[in-house]
Every structure is written in structure tokens, then in C-alpha cells.
Amino acid sequence: MDLTVLVPVLLVVALSIFFDFTNGFHDTANAMATSVATGALKPKVAVLISAILNLVGAFLSTAVAKTVSEGILAQNDQGLPQITAPMIFAGLMGAVVWNLLTWWLGLPSSSTHALFGGLIGAAVIGVGFQAVEWGGVLSKIVLPALLSPFIAGIVALAATYLVYRVTKMATVAGSSTAFRHGQTVSASLVSLAHGTNDAQKTMGVITLTLIVAGFQEAGTGPQLWVILSAGLAIALGTYLGGWRIMRTVGKRITDVKPPQGFAAETSAASTILISSTLGFPLSTTQVTSGAVIGSGLGKRLASVHWNVVTRIAFAWVVTLPAAAVVGGGAAWAASSGIAGLVVVLVGGLAVCVGLFLLARRRPVSAENVNDEAVDADRIGQRQTEGERA
């Protein structure tokens, strides 16, 4: 078999599984941040439950995977995407680099938009603007990205308001304990929903690559080994825990109490599950963050830390174009053949290793995830004052 065909396919499969792994520890906060922040679940128990349910969720549906493999990139007369396996590899590298960068910064950016941004950038540089199905991008990526955080936030706001203002359950003795138990169920639903949506994106990329390379017929869904690989990768990443982002979602956006956590998780799970059924590759990060913001507004307007929300919103806006730039640059480098693929691989690995080493300087783990987080600018200010002294 021609190595110029086989090698890019193998690289895409390997990098897709690694991306799914980073998706797991990057997006663990989506499911468990509020439960850990309120004490409803111990951190290691929370990520174990989340990992198992992410794996289960990966087997429940393939609608999102088909959207990724068929609905984003334009097809030729034979029903095949115009993008090639090396371009897909380059786009994936852009998504992985952006995922790890935002993980290091503790920003709950969208792994979904990082993936699509990388693929779009690679397709535009490698083929041209005609290689992208822009109508699909607008209807299945942009509009859901704009609407889903607000929908989840409004539902969470209303649910939290009802709990605190109407039923007065939050002030009844023992109600916090009841809500903590309820959070076990609601957080589990978010984890299940996360598996039905995010794991499928990797399945879609691998399936797209197999179709492009001629190893699978156009119009077919993910094979069993693809589903299993994606499910196991995201489950493993989830179990290792995205503690840095979990701290941001659970502690920095608002001071989450058990009733708020239950409302936020239930709202997020409902939104994600409905979107997965419809085949929308939703950003679970944006949905969960929007639900947490809504739960803060539902309790008390002043309880939301808007400076942190602003930073998160900025990450949402720049994720897709930033990943597109990285993916496009990688596609340009990979266009020279096997040597170009090696350059992209080595460069991407170097960046990933560098970010891991930087993260080790100030680690966040299960033991300190609920400690009061100090903003980066305040840390810098204290260091400067210490140097002056």
C-alpha cells in the first residue's frame, strides 16, 4: 500500500485519539465542576463517574459524528470531501495546540470550535474557500454557539430563581444535603450528554479520514472500533481530571451553592442531550458555563464575577479563528509531503510538551481544586511587589 496514503491516515487516527483525550481532561469541568465546588462529590469520585458515563454516552448516538463527517466540508460529485488526510491531520494539530493552551490558562474554551476551526483553516489553505460548506458552518456551528449558552443560562436562571424565591427550599434545614444528592444525578446526566456529543466529534473526524482515503464508503457512519477508541480516549482523559478548568468553572464564575449547581447541571444536560439528538455538534463548554452564569444570576445579580466571564467570553470568540490560523499554517507546512507531516508533528509535540512543563510549575490537582483561585494579574502584582521589596 502507498505510504503517502497510509501514513497520513495513521497519523490522523493517532492524533484524533489524543485530541479526544485532551477533550476529556479539558472538558471534565463541564460535568463535574459545580458538584466538586459544592462538595456534592469528592473530586476523584466525580471524575470516575464522569469517565464511565462519557464512555457509555459515546455509544448512544452517531448523529453528531455524521454531521462532522458530512455537514461541514463541501463534497465533490462523487460525494467525497475535497480535503485530504494530511490536511485533516494539520487541522487536528491546530485544535490540540489550542486545547492545551487554553487548558494551561485555565480557560473553559470550546474543544468543539477548536476542532472545527482547525479543520476549516486547513481546508481553506489546502484547497480553497470552496472546500468548506459555509451554510453548514453557519447553521450547525455558529448559530448553536451563539444561542446555546443563553438558552442554558436562561433555563438555569429560572430554575435557580424558583428554588430560592418560590419554594424557599434552599432555606429549609437539610435542603442543601438533598440538593447535593440531586447533583449526583444531574452531574451524571451532563457526563452522559458530554459523551453523546463530544466523543462523536472524534469519531466523525476518523470516519471522514477513512472515507477520504478510500478505506470506507461515503455516507456511512463510524465503525465499532472507532466508537470504542473515541469513547475510551475521552473517558481516560476525563478520569485524569481537568482540574485547572474545573477550578475556573466551579469557583471563579460564581460562588456555586448546591441548589445552583443542581439547576445549572440539569439545564446544561437538557440542552446538550437535545442538541445531540438533532445532530448539532454543540460546545458543551459554552453550555455549561452559560448555565453556571445563569445560576448565579438566579440567586443574586451581584454574585457573578463578570471579569472572569469576560475572559471566558473572549476565549469563546477567538477559539475558532485562532485554531483556524494554526490549522491553516500546519496545512501549509504539511503540503510538502511526508517531510512536511513530520515537521508539523514534531512542532506540535514540542508545543504540547512545553505547555505541560509550564503547567507543572503551578499544578492544580484533586487536592487543591477547591482552594480559592487567585487571578493571574494578582499573582503577577504580588511577584512584582516582592521583587521591589
# chains A, B, ... in the order shown; residues from 1 in each chain; ligands from 1
call {"tool": "select_by_dssp", "arguments": {"residues": "range 125-165 of chain A", "states": "alpha helix (DSSP H)", "output": "number ranges by chain"}}
result
A: 125-126, 134-137, 143-161
call {"tool": "residues_around", "arguments": {"residues": "Val205 in chain A", "least_positions_apart": "5", "cutoff": "12 Å", "atoms": "only C-alpha atoms", "output": "ChimeraX atom specification"}}
result
/A:9,12-17,19-20,64-73,81,83-85,87-89,91-92,112,115-116,118-119,198-200,210-212,221-222,226-227,230
call {"tool": "write_last_selection", "arguments": {"atoms": "C-alpha atoms", "output": "mmCIF file, in the first residue's frame"}}
result
data_model
loop_
_atom_site.group_PDB
_atom_site.id
_atom_site.type_symbol
_atom_site.label_atom_id
_atom_site.label_comp_id
_atom_site.auth_asym_id
_atom_site.auth_seq_id
_atom_site.Cartn_x
_atom_site.Cartn_y
_atom_site.Cartn_z
ATOM 1 C CA VAL A 9 -4.321 8.124 7.886
ATOM 2 C CA VAL A 12 -4.838 11.253 11.885
ATOM 3 C CA VAL A 13 -6.192 8.284 13.841
ATOM 4 C CA ALA A 14 -3.473 8.635 16.497
ATOM 5 C CA LEU A 15 -3.844 12.406 16.777
ATOM 6 C CA SER A 16 -7.652 12.148 16.823
ATOM 7 C CA ILE A 17 -7.485 9.818 19.806
ATOM 8 C CA PHE A 19 -7.363 15.109 20.791
ATOM 9 C CA ASP A 20 -10.222 13.133 22.315
ATOM 10 C CA VAL A 64 -23.148 14.313 15.655
ATOM 11 C CA ALA A 65 -20.418 12.133 14.104
ATOM 12 C CA LYS A 66 -22.283 12.160 10.783
ATOM 13 C CA THR A 67 -22.578 15.938 10.966
ATOM 14 C CA VAL A 68 -18.815 16.221 11.385
ATOM 15 C CA SER A 69 -18.025 13.806 8.546
ATOM 16 C CA GLU A 70 -20.641 15.107 6.101
ATOM 17 C CA GLY A 71 -22.062 18.505 7.049
ATOM 18 C CA ILE A 72 -19.096 20.868 7.471
ATOM 19 C CA LEU A 73 -16.857 20.284 4.458
ATOM 20 C CA PRO A 81 -14.947 15.841 0.759
ATOM 21 C CA ILE A 83 -9.992 17.841 1.938
ATOM 22 C CA THR A 84 -7.157 15.277 2.197
ATOM 23 C CA ALA A 85 -5.850 13.217 5.115
ATOM 24 C CA MET A 87 -4.983 18.480 5.781
ATOM 25 C CA ILE A 88 -7.174 16.783 8.386
ATOM 26 C CA PHE A 89 -4.026 15.965 10.381
ATOM 27 C CA GLY A 91 -6.374 20.811 11.328
ATOM 28 C CA LEU A 92 -6.320 18.393 14.254
ATOM 29 C CA THR A 112 -15.639 21.759 19.504
ATOM 30 C CA LEU A 115 -11.633 21.197 16.176
ATOM 31 C CA PHE A 116 -13.820 22.833 13.560
ATOM 32 C CA GLY A 118 -8.557 23.739 12.738
ATOM 33 C CA LEU A 119 -10.339 21.743 10.019
ATOM 34 C CA ASP A 198 -18.069 15.437 22.260
ATOM 35 C CA ALA A 199 -16.834 11.861 21.763
ATOM 36 C CA GLN A 200 -18.680 11.761 18.455
ATOM 37 C CA LEU A 210 -11.226 6.809 6.266
ATOM 38 C CA ILE A 211 -13.734 7.947 3.630
ATOM 39 C CA VAL A 212 -11.298 10.420 2.063
ATOM 40 C CA GLY A 221 -21.210 6.076 9.888
ATOM 41 C CA PRO A 222 -18.441 5.316 12.396
ATOM 42 C CA VAL A 226 -13.805 3.950 16.027
ATOM 43 C CA ILE A 227 -16.637 4.369 18.538
ATOM 44 C CA ALA A 230 -13.091 7.527 20.933
#
call {"tool": "residues_around", "arguments": {"residues": "Leu100 in chain A", "least_positions_apart": "2", "cutoff": "8 Å", "atoms": "only C-alpha atoms", "output": "list in words"}}
result
Thr22, His26, Val96, Val97, Trp98, Thr102, Trp103, Trp104, Cys352 and Leu355 of chain A
call {"tool": "closest_residue", "arguments": {"among": "A:Gln260, A:Thr285, A:Thr196, A:Ser336", "to": "Leu55 in chain A", "atoms": "only C-alpha atoms"}}
result
A:Thr196
call {"tool": "residues_around", "arguments": {"residues": "Thr271 in chain A", "least_positions_apart": "2", "cutoff": "10 Å", "atoms": "only C-alpha atoms", "output": "JSON, numbers by chain"}}
result
{"A": [148, 149, 151, 152, 155, 190, 193, 265, 266, 267, 268, 269, 273, 274, 275, 276, 282, 284, 287, 288, 291]}
call {"tool": "write_last_selection", "arguments": {"atoms": "N, CA and C atoms", "output": "mmCIF file, in the first residue's frame"}}
result
data_model
loop_
_atom_site.group_PDB
_atom_site.id
_atom_site.type_symbol
_atom_site.label_atom_id
_atom_site.label_comp_id
_atom_site.auth_asym_id
_atom_site.auth_seq_id
_atom_site.Cartn_x
_atom_site.Cartn_y
_atom_site.Cartn_z
ATOM 1 N N SER A 148 -26.873 28.553 22.333
ATOM 2 C CA SER A 148 -26.890 27.546 23.392
ATOM 3 C C SER A 148 -26.505 28.069 24.777
ATOM 4 N N PRO A 149 -25.475 28.934 24.921
ATOM 5 C CA PRO A 149 -25.175 29.420 26.276
ATOM 6 C C PRO A 149 -26.321 30.235 26.870
ATOM 7 N N ILE A 151 -29.567 29.938 26.087
ATOM 8 C CA ILE A 151 -30.686 29.044 26.399
ATOM 9 C C ILE A 151 -30.435 28.333 27.723
ATOM 10 N N ALA A 152 -29.233 27.748 27.867
ATOM 11 C CA ALA A 152 -28.904 27.058 29.114
ATOM 12 C C ALA A 152 -28.892 28.032 30.284
ATOM 13 N N VAL A 155 -32.547 28.982 31.284
ATOM 14 C CA VAL A 155 -33.195 27.870 31.991
ATOM 15 C C VAL A 155 -32.638 27.743 33.399
ATOM 16 N N VAL A 190 -25.015 15.261 32.806
ATOM 17 C CA VAL A 190 -24.127 16.089 31.997
ATOM 18 C C VAL A 190 -23.006 15.239 31.404
ATOM 19 N N ALA A 193 -24.391 13.216 28.611
ATOM 20 C CA ALA A 193 -24.618 14.096 27.468
ATOM 21 C C ALA A 193 -23.302 14.463 26.788
ATOM 22 N N GLU A 265 -26.538 22.152 36.290
ATOM 23 C CA GLU A 265 -26.245 20.861 35.665
ATOM 24 C C GLU A 265 -27.451 20.311 34.917
ATOM 25 N N THR A 266 -28.635 20.443 35.502
ATOM 26 C CA THR A 266 -29.839 19.951 34.841
ATOM 27 C C THR A 266 -30.100 20.720 33.543
ATOM 28 N N SER A 267 -29.924 22.026 33.584
ATOM 29 C CA SER A 267 -30.128 22.854 32.398
ATOM 30 C C SER A 267 -29.131 22.498 31.300
ATOM 31 N N ALA A 268 -27.862 22.340 31.678
ATOM 32 C CA ALA A 268 -26.833 22.008 30.701
ATOM 33 C C ALA A 268 -27.080 20.638 30.077
ATOM 34 N N ALA A 269 -27.404 19.655 30.911
ATOM 35 C CA ALA A 269 -27.639 18.298 30.400
ATOM 36 C C ALA A 269 -28.797 18.276 29.415
ATOM 37 N N LEU A 273 -28.268 17.155 25.477
ATOM 38 C CA LEU A 273 -28.917 15.937 25.001
ATOM 39 C C LEU A 273 -29.848 16.216 23.823
ATOM 40 N N ILE A 274 -30.585 17.313 23.906
ATOM 41 C CA ILE A 274 -31.469 17.684 22.795
ATOM 42 C C ILE A 274 -30.652 17.971 21.532
ATOM 43 N N SER A 275 -29.545 18.686 21.699
ATOM 44 C CA SER A 275 -28.695 19.022 20.554
ATOM 45 C C SER A 275 -28.065 17.771 19.945
ATOM 46 N N SER A 276 -27.662 16.825 20.797
ATOM 47 C CA SER A 276 -27.073 15.582 20.289
ATOM 48 C C SER A 276 -28.093 14.805 19.465
ATOM 49 N N LEU A 282 -22.560 20.543 19.489
ATOM 50 C CA LEU A 282 -22.608 21.678 20.403
ATOM 51 C C LEU A 282 -21.325 21.796 21.213
ATOM 52 N N THR A 284 -20.088 21.873 24.604
ATOM 53 C CA THR A 284 -20.540 21.609 25.977
ATOM 54 C C THR A 284 -19.910 22.593 26.955
ATOM 55 N N VAL A 287 -22.154 25.704 26.900
ATOM 56 C CA VAL A 287 -23.441 25.411 27.529
ATOM 57 C C VAL A 287 -23.302 25.397 29.053
ATOM 58 N N THR A 288 -22.300 24.686 29.546
ATOM 59 C CA THR A 288 -22.121 24.578 30.987
ATOM 60 C C THR A 288 -21.780 25.922 31.610
ATOM 61 N N ALA A 291 -24.834 28.007 31.773
ATOM 62 C CA ALA A 291 -25.735 27.551 32.835
ATOM 63 C C ALA A 291 -25.249 28.006 34.204
#
call {"tool": "closest_residue", "arguments": {"among": "A:Leu80, A:Ala114, A:Val137, A:Val7", "to": "Thr207 in chain A", "atoms": "only C-alpha atoms"}}
result
A:Leu80
call {"tool": "closest_residue", "arguments": {"among": "A:Gly237, A:Gly117, A:Gly231, A:Gly354", "to": "Ala90 in chain A", "atoms": "only C-alpha atoms"}}
result
A:Gly117
